[in-house]
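The file query-v5.cif contains mmCIF, C-alpha atoms and all ligand atoms:
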data_work
loop_
_atom_site.group_PDB
_atom_site.id
_atom_site.type_symbol
_atom_site.label_atom_id
_atom_site.label_comp_id
_atom_site.auth_asym_id
_atom_site.auth_seq_id
_atom_site.Cartn_x
_atom_site.Cartn_y
_atom_site.Cartn_z
ATOM 1 C CA MET A 194 17.957 36.834 224.699
ATOM 2 C CA SER A 195 18.912 33.188 224.595
ATOM 3 C CA VAL A 196 22.141 31.306 225.215
ATOM 4 C CA GLU A 197 22.812 27.846 223.813
ATOM 5 C CA VAL A 198 25.716 26.065 225.454
ATOM 6 C CA ASN A 199 27.199 22.777 224.346
ATOM 7 C CA ASP A 200 30.544 21.170 225.064
ATOM 8 C CA LYS A 201 32.301 23.037 222.245
ATOM 9 C CA THR A 202 30.387 26.242 221.520
ATOM 10 C CA ILE A 203 28.340 29.004 223.072
ATOM 11 C CA LYS A 204 25.770 30.807 220.976
ATOM 12 C CA PHE A 205 24.041 34.020 222.059
ATOM 13 C CA VAL A 206 20.985 35.418 220.405
ATOM 14 C CA HIS A 207 20.122 39.053 221.202
ATOM 15 C CA ARG A 208 16.450 40.044 221.245
ATOM 16 C CA SER A 209 17.014 42.060 218.025
ATOM 17 C CA GLY A 210 17.957 38.819 216.245
ATOM 18 C CA ALA A 211 21.706 39.585 216.352
ATOM 19 C CA ALA A 212 23.744 36.495 217.250
ATOM 20 C CA ALA A 213 27.306 35.389 217.980
ATOM 21 C CA LYS A 214 28.908 31.958 218.186
ATOM 22 C CA ILE A 215 32.094 31.293 220.123
ATOM 23 C CA TYR A 216 34.177 28.105 220.172
ATOM 24 C CA LEU A 217 35.858 27.282 223.496
ATOM 25 C CA TYR A 218 38.814 26.213 221.357
ATOM 26 C CA GLY A 219 40.654 29.528 221.052
ATOM 27 C CA ALA A 220 37.702 31.487 222.574
ATOM 28 C CA HIS A 221 37.195 31.961 218.882
ATOM 29 C CA VAL A 222 34.230 34.005 217.626
ATOM 30 C CA THR A 223 33.254 32.153 214.438
ATOM 31 C CA SER A 224 30.029 33.979 213.641
ATOM 32 C CA TRP A 225 28.657 37.456 214.259
ATOM 33 C CA LYS A 226 25.282 38.250 212.749
ATOM 34 C CA THR A 227 23.837 41.723 213.123
ATOM 35 C CA SER A 228 20.124 42.442 213.626
ATOM 36 C CA ASP A 229 19.598 42.556 209.836
ATOM 37 C CA GLY A 230 20.656 38.897 209.667
ATOM 38 C CA LYS A 231 23.915 39.713 207.869
ATOM 39 C CA GLU A 232 26.990 37.609 208.712
ATOM 40 C CA ARG A 233 29.881 39.993 209.382
ATOM 41 C CA LEU A 234 32.708 37.454 209.688
ATOM 42 C CA TYR A 235 34.280 35.245 207.050
ATOM 43 C CA MET A 236 34.772 31.577 207.932
ATOM 44 C CA SER A 237 36.625 29.290 205.598
ATOM 45 C CA ARG A 238 34.528 26.331 204.457
ATOM 46 C CA LEU A 239 37.726 24.294 204.946
ATOM 47 C CA ALA A 240 38.346 25.482 208.518
ATOM 48 C CA LYS A 241 39.008 22.639 210.947
ATOM 49 C CA LEU A 242 36.674 22.978 213.921
ATOM 50 C CA ASP A 243 37.828 19.903 215.834
ATOM 51 C CA GLY A 244 40.729 21.520 217.686
ATOM 52 C CA SER A 245 43.370 19.905 215.490
ATOM 53 C CA GLU A 246 44.603 23.244 214.134
ATOM 54 C CA PRO A 247 43.794 26.953 214.573
ATOM 55 C CA ILE A 248 40.425 27.935 213.092
ATOM 56 C CA ARG A 249 40.624 29.810 209.759
ATOM 57 C CA GLY A 250 38.289 32.793 209.834
ATOM 58 C CA GLY A 251 36.264 34.583 212.500
ATOM 59 C CA ILE A 252 38.235 36.318 215.250
ATOM 60 C CA PRO A 253 41.382 34.420 216.243
ATOM 61 C CA ILE A 254 43.202 35.799 219.297
ATOM 62 C CA ALA A 255 46.974 36.058 218.836
ATOM 63 C CA PHE A 256 48.731 35.910 222.235
ATOM 64 C CA PRO A 257 51.436 36.041 223.601
ATOM 65 C CA ASN A 258 53.237 35.963 220.238
ATOM 66 C CA PHE A 259 52.391 37.420 216.886
ATOM 67 C CA GLY A 260 53.935 35.688 213.872
ATOM 68 C CA ALA A 261 56.561 33.021 214.254
ATOM 69 C CA SER A 262 57.842 32.285 217.745
ATOM 70 C CA PRO A 263 60.874 34.327 218.791
ATOM 71 C CA SER A 264 64.258 32.710 219.200
ATOM 72 C CA ALA A 265 65.149 31.834 222.792
ATOM 73 C CA GLU A 266 68.184 34.126 222.840
ATOM 74 C CA ASP A 267 66.378 36.575 225.120
ATOM 75 C CA PRO A 268 65.883 34.580 228.382
ATOM 76 C CA SER A 269 62.751 36.596 229.143
ATOM 77 C CA LEU A 270 61.194 35.094 225.978
ATOM 78 C CA SER A 271 62.319 31.512 226.467
ATOM 79 C CA ALA A 272 58.735 30.308 227.125
ATOM 80 C CA HIS A 273 57.449 32.158 224.028
ATOM 81 C CA SER A 274 60.057 30.427 221.872
ATOM 82 C CA THR A 275 58.535 27.008 222.689
ATOM 83 C CA VAL A 276 55.188 27.784 220.995
ATOM 84 C CA LYS A 277 55.078 25.642 217.862
ATOM 85 C CA THR A 278 52.298 27.367 215.892
ATOM 86 C CA THR A 279 52.356 30.990 214.732
ATOM 87 C CA HIS A 280 50.567 33.693 216.737
ATOM 88 C CA GLY A 281 50.976 32.149 220.202
ATOM 89 C CA PHE A 282 49.002 29.619 222.243
ATOM 90 C CA ALA A 283 45.724 31.435 222.938
ATOM 91 C CA ARG A 284 44.084 30.528 219.644
ATOM 92 C CA ASP A 285 44.676 26.820 220.116
ATOM 93 C CA ALA A 286 44.004 26.488 223.833
ATOM 94 C CA VAL A 287 40.655 25.358 225.219
ATOM 95 C CA TRP A 288 39.143 28.207 227.236
ATOM 96 C CA THR A 289 36.615 27.962 230.071
ATOM 97 C CA TYR A 290 33.175 29.513 229.878
ATOM 98 C CA ASP A 291 31.563 30.482 233.153
ATOM 99 C CA PRO A 292 27.763 30.378 232.687
ATOM 100 C CA SER A 293 27.326 32.785 235.616
ATOM 101 C CA SER A 294 29.265 35.394 233.592
ATOM 102 C CA THR A 295 26.472 35.671 231.050
ATOM 103 C CA SER A 296 24.403 38.769 231.516
ATOM 104 C CA GLY A 297 21.644 40.237 229.458
ATOM 105 C CA GLY A 298 17.918 39.823 229.540
ATOM 106 C CA GLY A 299 16.698 43.221 230.622
ATOM 107 C CA SER A 300 19.699 45.133 229.270
ATOM 108 C CA ASP A 301 20.361 45.980 225.660
ATOM 109 C CA SER A 302 23.351 43.674 225.393
ATOM 110 C CA VAL A 303 24.377 40.103 226.012
ATOM 111 C CA SER A 304 27.849 39.295 227.259
ATOM 112 C CA ALA A 305 29.868 36.341 228.446
ATOM 113 C CA VAL A 306 33.344 35.833 229.831
ATOM 114 C CA PHE A 307 35.835 33.140 228.864
ATOM 115 C CA SER A 308 39.030 32.475 230.787
ATOM 116 C CA LEU A 309 42.335 30.739 230.456
ATOM 117 C CA SER A 310 44.187 30.114 233.696
ATOM 118 C CA GLY A 311 45.877 27.519 235.881
ATOM 119 C CA THR A 312 46.748 24.280 234.092
ATOM 120 C CA ALA A 313 45.205 25.599 230.848
ATOM 121 C CA ILE A 314 48.230 27.910 230.558
ATOM 122 C CA PRO A 315 50.715 25.706 228.692
ATOM 123 C CA GLU A 316 54.063 25.055 230.312
ATOM 124 C CA PRO A 317 56.619 26.563 230.509
ATOM 125 C CA PHE A 318 54.556 29.775 230.735
ATOM 126 C CA PRO A 319 54.009 30.846 234.343
ATOM 127 C CA ARG A 320 50.723 29.630 235.791
ATOM 128 C CA THR A 321 50.493 32.983 237.536
ATOM 129 C CA LEU A 322 49.418 34.339 234.149
ATOM 130 C CA SER A 323 45.706 34.395 233.403
ATOM 131 C CA LEU A 324 43.480 35.691 230.619
ATOM 132 C CA GLN A 325 39.888 36.869 230.680
ATOM 133 C CA TYR A 326 37.982 37.460 227.467
ATOM 134 C CA ARG A 327 34.655 39.259 227.437
ATOM 135 C CA VAL A 328 32.438 39.184 224.354
ATOM 136 C CA ASN A 329 29.530 41.621 224.307
ATOM 137 C CA LEU A 330 26.784 41.659 221.674
ATOM 138 C CA THR A 331 24.182 44.322 220.909
ATOM 139 C CA ALA A 332 21.862 44.672 217.919
ATOM 140 C CA ASP A 333 24.594 46.049 215.683
ATOM 141 C CA SER A 334 27.861 45.798 217.586
ATOM 142 C CA LEU A 335 30.278 43.272 218.972
ATOM 143 C CA THR A 336 32.873 44.202 221.582
ATOM 144 C CA THR A 337 35.727 41.919 222.544
ATOM 145 C CA SER A 338 37.925 42.683 225.501
ATOM 146 C CA LEU A 339 40.986 40.679 226.535
ATOM 147 C CA THR A 340 42.451 41.228 229.997
ATOM 148 C CA ILE A 341 45.884 39.815 230.703
ATOM 149 C CA VAL A 342 46.716 39.453 234.384
ATOM 150 C CA ASN A 343 50.214 38.820 235.688
ATOM 151 C CA ALA A 344 49.917 37.662 239.304
ATOM 152 C CA GLY A 345 53.541 36.500 239.309
ATOM 153 C CA ALA A 346 56.539 38.073 240.989
ATOM 154 C CA GLU A 347 58.294 38.777 237.677
ATOM 155 C CA GLU A 348 57.372 40.888 234.702
ATOM 156 C CA PHE A 349 55.781 39.180 231.685
ATOM 157 C CA LYS A 350 56.219 40.226 228.041
ATOM 158 C CA PHE A 351 53.577 39.732 225.386
ATOM 159 C CA LYS A 352 52.182 40.705 222.032
ATOM 160 C CA ALA A 353 48.422 40.524 221.445
ATOM 161 C CA LEU A 354 46.218 40.954 218.379
ATOM 162 C CA TYR A 355 42.676 40.381 217.149
ATOM 163 C CA HIS A 356 43.083 38.673 213.775
ATOM 164 C CA ASN A 357 39.630 39.747 212.480
ATOM 165 C CA TYR A 358 38.459 38.129 209.246
ATOM 166 C CA PHE A 359 35.603 40.398 208.110
ATOM 167 C CA ALA A 360 33.249 39.091 205.434
ATOM 168 C CA VAL A 361 33.168 41.373 202.390
ATOM 169 C CA GLU A 362 31.283 41.266 199.113
ATOM 170 C CA ASP A 363 34.476 41.713 197.106
ATOM 171 C CA SER A 364 37.861 42.535 198.613
ATOM 172 C CA GLN A 365 38.823 44.243 195.340
ATOM 173 C CA LYS A 366 36.417 47.015 196.350
ATOM 174 C CA VAL A 367 37.530 47.265 199.969
ATOM 175 C CA ALA A 368 38.822 50.502 201.480
ATOM 176 C CA VAL A 369 40.329 50.494 204.965
ATOM 177 C CA SER A 370 40.436 53.915 206.611
ATOM 178 C CA GLY A 371 42.112 55.202 209.753
ATOM 179 C CA PHE A 372 45.710 55.880 208.813
ATOM 180 C CA ALA A 373 46.851 59.477 208.371
ATOM 181 C CA ALA A 374 49.499 60.661 205.931
ATOM 182 C CA GLY A 375 52.900 60.279 207.550
ATOM 183 C CA GLN A 376 51.929 57.151 209.514
ATOM 184 C CA GLY A 377 54.768 54.614 209.648
ATOM 185 C CA TYR A 378 54.220 51.031 208.527
ATOM 186 C CA VAL A 379 56.138 47.916 207.624
ATOM 187 C CA ASP A 380 55.369 46.449 204.213
ATOM 188 C CA ASN A 381 55.666 42.680 204.298
ATOM 189 C CA MET A 382 55.181 42.627 200.526
ATOM 190 C CA LYS A 383 58.440 44.570 200.250
ATOM 191 C CA GLY A 384 60.478 42.266 202.466
ATOM 192 C CA GLY A 385 59.512 44.101 205.657
ATOM 193 C CA SER A 386 60.755 47.504 204.552
ATOM 194 C CA LYS A 387 59.814 50.528 206.650
ATOM 195 C CA GLU A 388 57.522 52.871 204.748
ATOM 196 C CA VAL A 389 55.545 56.043 205.356
ATOM 197 C CA TRP A 390 51.837 55.990 204.487
ATOM 198 C CA GLU A 391 50.884 58.612 201.903
ATOM 199 C CA GLY A 392 47.361 59.021 203.327
ATOM 200 C CA GLY A 393 43.948 57.908 202.082
ATOM 201 C CA ASP A 394 42.303 54.498 202.261
ATOM 202 C CA VAL A 395 44.268 51.251 202.142
ATOM 203 C CA PRO A 396 43.163 49.060 199.213
ATOM 204 C CA MET A 397 43.387 45.249 199.022
ATOM 205 C CA LYS A 398 43.397 44.643 195.287
ATOM 206 C CA VAL A 399 46.571 42.580 195.379
ATOM 207 C CA GLU A 400 48.240 40.505 198.078
ATOM 208 C CA THR A 401 48.573 42.926 201.007
ATOM 209 C CA GLY A 402 50.520 42.784 204.265
ATOM 210 C CA LYS A 403 50.921 46.184 205.877
ATOM 211 C CA VAL A 404 51.735 46.556 209.560
ATOM 212 C CA PHE A 405 50.829 50.049 210.770
ATOM 213 C CA GLN A 406 52.778 50.815 213.898
ATOM 214 C CA ASP A 407 52.201 53.106 216.826
ATOM 215 C CA VAL A 408 49.051 54.730 215.465
ATOM 216 C CA PRO A 409 48.103 57.770 217.589
ATOM 217 C CA ALA A 410 45.260 56.958 220.003
ATOM 218 C CA PRO A 411 42.445 56.368 219.655
ATOM 219 C CA LEU A 412 42.994 53.633 217.065
ATOM 220 C CA GLN A 413 39.860 54.022 214.933
ATOM 221 C CA LEU A 414 39.428 52.135 211.706
ATOM 222 C CA GLY A 415 36.798 51.803 209.029
ATOM 223 C CA LEU A 416 36.033 49.055 206.530
ATOM 224 C CA ASP A 417 33.883 49.776 203.502
ATOM 225 C CA ASP A 418 33.295 47.459 200.563
ATOM 226 C CA GLY A 419 30.646 49.593 198.918
ATOM 227 C CA LYS A 420 27.825 47.430 200.364
ATOM 228 C CA SER A 421 28.615 47.307 204.064
ATOM 229 C CA ARG A 422 30.514 49.474 206.472
ATOM 230 C CA LEU A 423 32.045 48.712 209.853
ATOM 231 C CA THR A 424 33.910 50.881 212.311
ATOM 232 C CA ILE A 425 36.471 49.501 214.722
ATOM 233 C CA THR A 426 37.410 51.510 217.797
ATOM 234 C CA CYS A 427 40.208 50.202 219.987
ATOM 235 C CA ASP A 428 41.557 50.762 223.435
ATOM 236 C CA GLY A 429 44.870 49.351 224.683
ATOM 237 C CA LEU A 430 46.012 48.534 221.142
ATOM 238 C CA SER A 431 48.148 50.778 218.971
ATOM 239 C CA ASP A 432 49.187 48.794 215.893
ATOM 240 C CA CYS A 433 47.169 47.311 213.067
ATOM 241 C CA VAL A 434 47.844 44.736 210.354
ATOM 242 C CA VAL A 435 45.942 44.987 207.071
ATOM 243 C CA TRP A 436 46.276 41.595 205.400
ATOM 244 C CA ASN A 437 44.899 39.662 202.468
ATOM 245 C CA PRO A 438 46.692 36.840 200.610
ATOM 246 C CA GLN A 439 44.455 37.288 197.510
ATOM 247 C CA GLU A 440 45.370 34.671 194.871
ATOM 248 C CA LYS A 441 47.526 32.754 197.396
ATOM 249 C CA ALA A 442 44.377 31.701 199.294
ATOM 250 C CA GLY A 443 43.774 28.041 198.552
ATOM 251 C CA THR A 444 47.371 27.328 197.567
ATOM 252 C CA SER A 445 49.693 25.158 199.647
ATOM 253 C CA VAL A 446 50.512 28.220 201.804
ATOM 254 C CA TRP A 447 46.876 28.616 202.946
ATOM 255 C CA SER A 448 45.389 25.237 202.143
ATOM 256 C CA ASP A 449 42.605 25.694 204.726
ATOM 257 C CA MET A 450 41.005 28.299 202.444
ATOM 258 C CA GLU A 451 39.432 27.710 199.055
ATOM 259 C CA LYS A 452 40.719 29.226 195.853
ATOM 260 C CA GLY A 453 39.101 32.623 195.407
ATOM 261 C CA ASP A 454 38.530 33.093 199.148
ATOM 262 C CA GLY A 455 40.881 36.097 199.126
ATOM 263 C CA SER A 456 38.023 38.069 197.573
ATOM 264 C CA ARG A 457 35.616 37.034 200.393
ATOM 265 C CA PHE A 458 37.358 38.617 203.389
ATOM 266 C CA ALA A 459 39.369 41.550 204.667
ATOM 267 C CA CYS A 460 41.676 41.049 207.633
ATOM 268 C CA ILE A 461 41.945 44.152 209.790
ATOM 269 C CA GLU A 462 43.939 43.181 212.841
ATOM 270 C CA PRO A 463 44.311 45.675 215.706
ATOM 271 C CA GLY A 464 47.036 44.632 218.117
ATOM 272 C CA TYR A 465 50.025 45.474 220.213
ATOM 273 C CA ILE A 466 52.786 43.882 218.163
ATOM 274 C CA ARG A 467 55.519 46.325 217.235
ATOM 275 C CA ASP A 468 57.373 45.510 220.403
ATOM 276 C CA TRP A 469 56.911 43.365 223.500
ATOM 277 C CA LYS A 470 54.487 44.897 225.966
ATOM 278 C CA VAL A 471 55.921 44.598 229.450
ATOM 279 C CA LEU A 472 53.410 43.683 232.129
ATOM 280 C CA PRO A 473 54.965 44.314 235.535
ATOM 281 C CA ALA A 474 54.618 41.864 238.413
ATOM 282 C CA GLY A 475 51.071 42.195 239.696
ATOM 283 C CA GLY A 476 50.018 44.178 236.616
ATOM 284 C CA GLN A 477 47.230 43.783 234.114
ATOM 285 C CA HIS A 478 46.405 45.094 230.659
ATOM 286 C CA THR A 479 43.089 45.224 228.812
ATOM 287 C CA ALA A 480 42.891 45.297 225.010
ATOM 288 C CA THR A 481 39.455 46.109 223.616
ATOM 289 C CA GLN A 482 37.934 46.401 220.167
ATOM 290 C CA HIS A 483 34.430 47.714 219.546
ATOM 291 C CA LEU A 484 33.016 46.683 216.160
ATOM 292 C CA VAL A 485 29.974 48.585 214.920
ATOM 293 C CA ALA A 486 28.112 47.693 211.736
ATOM 294 C CA GLU A 487 26.836 50.851 210.087
ATOM 295 C CA ARG A 488 25.114 49.246 207.102
HETATM 296 O O1 LIG A 501 48.354 31.346 208.774
HETATM 297 P P1 LIG A 501 48.254 32.137 210.057
HETATM 298 O O2 LIG A 501 49.222 31.679 211.103
HETATM 299 O O3 LIG A 501 46.842 32.168 210.572
HETATM 300 O O4 LIG A 501 48.645 33.609 209.709
HETATM 301 C C1 LIG A 501 47.995 34.283 208.691
HETATM 302 C C2 LIG A 501 48.664 35.623 208.414
HETATM 303 O O5 LIG A 501 48.378 36.519 209.452
HETATM 304 C C3 LIG A 501 48.759 37.861 209.161
HETATM 305 O O6 LIG A 501 48.406 38.691 210.222
HETATM 306 C C4 LIG A 501 50.256 37.916 208.988
HETATM 307 O O7 LIG A 501 50.634 39.239 208.657
HETATM 308 C C5 LIG A 501 50.669 36.954 207.897
HETATM 309 O O8 LIG A 501 52.083 36.951 207.813
HETATM 310 C C6 LIG A 501 50.164 35.553 208.244
HETATM 311 O O9 LIG A 501 50.514 34.679 207.214
#

Take the structure in the file and write it out as structure tokens.
Ligand SMILES: O=P(O)(O)OC[C@H]1O[C@@H](O)[C@H](O)[C@@H](O)[C@@H]1O
Amino acid sequence: MSVEVNDKTIKFVHRSGAAAKIYLYGAHVTSWKTSDGKERLYMSRLAKLDGSEPIRGGIPIAFPNFGASPSAEDPSLSAHSTVKTTHGFARDAVWTYDPSSTSGGGSDSVSAVFSLSGTAIPEPFPRTLSLQYRVNLTADSLTTSLTIVNAGAEEFKFKALYHNYFAVEDSQKVAVSGFAAGQGYVDNMKGGSKEVWEGGDVPMKVETGKVFQDVPAPLQLGLDDGKSRLTITCDGLSDCVVWNPQEKAGTSVWSDMEKGDGSRFACIEPGYIRDWKVLPAGGQHTATQHLVAER
């Protein structure tokens, strides 16, 4: 095992040859290579990596908002309404890496912990809020685990999501499994209408934006593009967005992607987003995803 640390990134290499790279900006995993040398995450060649805007590709963390910021009408969300970018502040905050958190060597995995606390929590969010993010790498898996701690005297509301951009050979051939017939979802391609899934795999042949809500636990998903297969098993997350802009990638809407990039990735985004999760005073919540490459 080896760990390379510089002022912006941490790179782990597992003894099998598997590797992961994480930017402190956003605690953003930008590369995950399995032991066969295959890159499992898409990264846009136009992604800005200098902290000037959220990174396009990899595994962005959405927290404490998902989507546009809420209006401040609900006083309990007044801090959330101040976030200027979509998907909250976590993906464009600079996290701290504690070198003593890295473990590995004799074990079959390498892991490290990143945190966001104190003055790194942007005002007006309470500084009694803190986040811990553990990334664990084995030969053929990557596990990410986000723990949200509310040490304050008042409850805190949040949404959280892993906005995974998986690399695929051709998104036209992608099948996303894990949703049973009868499962409710919101179709953003139909103006946010509430729909009922008919069962079977979710395709991505055209622009897709489906938000599966309240999936019975355990949330277990599969991604197959005919050449590679991944499974995603989640804990503490019950919703999932399946998203691909297809031909809109590389237009003015997503100008940090190249034209044609819609065919290069599949976004499968497990989260807790259908409603605000209430974290009581003194409470904590852990949201975990376990990604396993099967071929
Ligand atoms: O451009 P962003 O903020 O990274 O968001 C990308 C997309 O993320 C998806 O999860 C949302 O469903 C889309 O509505 C959104 O456009």

For stretch 395-410 of chain A, please output as a ChimeraX atom specification all residues within 9 Å (counting all atoms listed in the file; exclusion window: fewer than 2 positions along the same chain). /A:364-373,376-382,385,390,392-393,412-413,427-441,455-456,459,465-467

May I have the residues within 7 Å of A:Ser294 as a ChimeraX atom specification, using all atoms listed in the file and disregarding those fewer than 3 positions away in the same chain? /A:291,305-306

Using all atoms listed in the file for the distances, tell me which of A:Arg457, A:Lys383, A:Arg488, A:His280 is nearest to ligand LIG 501 (chain A). A:His280

Within 6 Å of (55.3, 40.8, 239.4), all atoms listed in the file: residues as an NGL selection string? :A and (345-348 or 473-475)

Write out as a PDB file with C-alpha atoms, keeping the file's coordinate frame which residues come within 7 Å of stretch 247-257 of chain A when counting only C-alpha atoms, dropping same-chain ones fewer than 2 positions away.
ATOM      1  CA  GLY A 219      40.654  29.528 221.052  1.00  0.00           C
ATOM      2  CA  HIS A 221      37.195  31.961 218.882  1.00  0.00           C
ATOM      3  CA  VAL A 222      34.230  34.005 217.626  1.00  0.00           C
ATOM      4  CA  THR A 223      33.254  32.153 214.438  1.00  0.00           C
ATOM      5  CA  SER A 224      30.029  33.979 213.641  1.00  0.00           C
ATOM      6  CA  LEU A 234      32.708  37.454 209.688  1.00  0.00           C
ATOM      7  CA  TYR A 235      34.280  35.245 207.050  1.00  0.00           C
ATOM      8  CA  MET A 236      34.772  31.577 207.932  1.00  0.00           C
ATOM      9  CA  SER A 237      36.625  29.290 205.598  1.00  0.00           C
ATOM     10  CA  ALA A 240      38.346  25.482 208.518  1.00  0.00           C
ATOM     11  CA  LYS A 241      39.008  22.639 210.947  1.00  0.00           C
ATOM     12  CA  LEU A 242      36.674  22.978 213.921  1.00  0.00           C
ATOM     13  CA  GLY A 244      40.729  21.520 217.686  1.00  0.00           C
ATOM     14  CA  PHE A 259      52.391  37.420 216.886  1.00  0.00           C
ATOM     15  CA  HIS A 280      50.567  33.693 216.737  1.00  0.00           C
ATOM     16  CA  GLY A 281      50.976  32.149 220.202  1.00  0.00           C
ATOM     17  CA  PHE A 282      49.002  29.619 222.243  1.00  0.00           C
ATOM     18  CA  ALA A 283      45.724  31.435 222.938  1.00  0.00           C
ATOM     19  CA  ARG A 284      44.084  30.528 219.644  1.00  0.00           C
ATOM     20  CA  ASP A 285      44.676  26.820 220.116  1.00  0.00           C
ATOM     21  CA  PHE A 351      53.577  39.732 225.386  1.00  0.00           C
ATOM     22  CA  LYS A 352      52.182  40.705 222.032  1.00  0.00           C
ATOM     23  CA  ALA A 353      48.422  40.524 221.445  1.00  0.00           C
ATOM     24  CA  LEU A 354      46.218  40.954 218.379  1.00  0.00           C
ATOM     25  CA  TYR A 355      42.676  40.381 217.149  1.00  0.00           C
ATOM     26  CA  HIS A 356      43.083  38.673 213.775  1.00  0.00           C
ATOM     27  CA  ASN A 357      39.630  39.747 212.480  1.00  0.00           C
ATOM     28  CA  TYR A 358      38.459  38.129 209.246  1.00  0.00           C
ATOM     29  CA  ASP A 449      42.605  25.694 204.726  1.00  0.00           C
TER      30      ASP A 449
END

Compare A:Thr337, A:Thr289, A:Thr278, A:Asn258 by their minimum atom-to-atom distance to ligand LIG 501 (chain A), counting only C-alpha atoms and all ligand atoms, and give me the closest one.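 Of the candidates, the smallest distance to ligand LIG 501 (chain A) is held by A:Thr278.
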
If we count only C-alpha atoms, what is near A:Asp200 at a cut-off of 12 Å, once residues fewer than 2 positions away on the same chain are taken out, given as a list in words?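 Counting only the stated atoms, we get Glu197, Val198, Thr202, Ile203, Lys204, Ile215, Tyr216, Leu217, Tyr218, Asp243, Val287, Trp288, Thr289 and Tyr290 of chain A.
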
Nearest to A:Ala332 among A:Ile461, A:Ala272, A:Ala213, A:Ala261, with distances taken over only C-alpha atoms: which residue is it?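 Checking each candidate against A:Ala332, we get A:Ala213 as the closest.
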
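Residue selection for this entry, given the PyMOL selection byres (((chain A and resi 295) around 10) and not hetatm), comprises Val196, Phe205, Tyr290, Asp291, Pro292, Ser293, Ser294, Ser296, Gly297, Gly298, Val303, Ser304, Ala305, Val306, Phe307, Arg327, Val328 and Asn329 of chain A.
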
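Atom to atom, atom CA of A:Thr340 and atom CA of A:Thr279 stand 20.9 Å apart.
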
Hey, which of A:Glu316, A:Asp394, A:Glu388, A:Glu362 ends up closest to A:Ser271? Count all atoms listed in the file. A:Glu316

Given the choices A:Val446, A:Ala212, A:Ala486, A:Phe458, which gets closest to A:Ser302 if the distance is worked out from all atoms listed in the file?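 Smallest separation from A:Ser302 among the options: A:Ala212.
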
Minimum-distance residue to A:Lys470, chosen among A:Glu246, A:Ser334, A:Ala286, A:Ile341 (using all atoms listed in the file):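 Closest candidate: A:Ile341.
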
In Å, with one decimal, what is the gap from atom CA of A:Asp454 to atom O4 of ligand LIG 501 (chain A)?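 These two atoms are separated by 14.6 Å.
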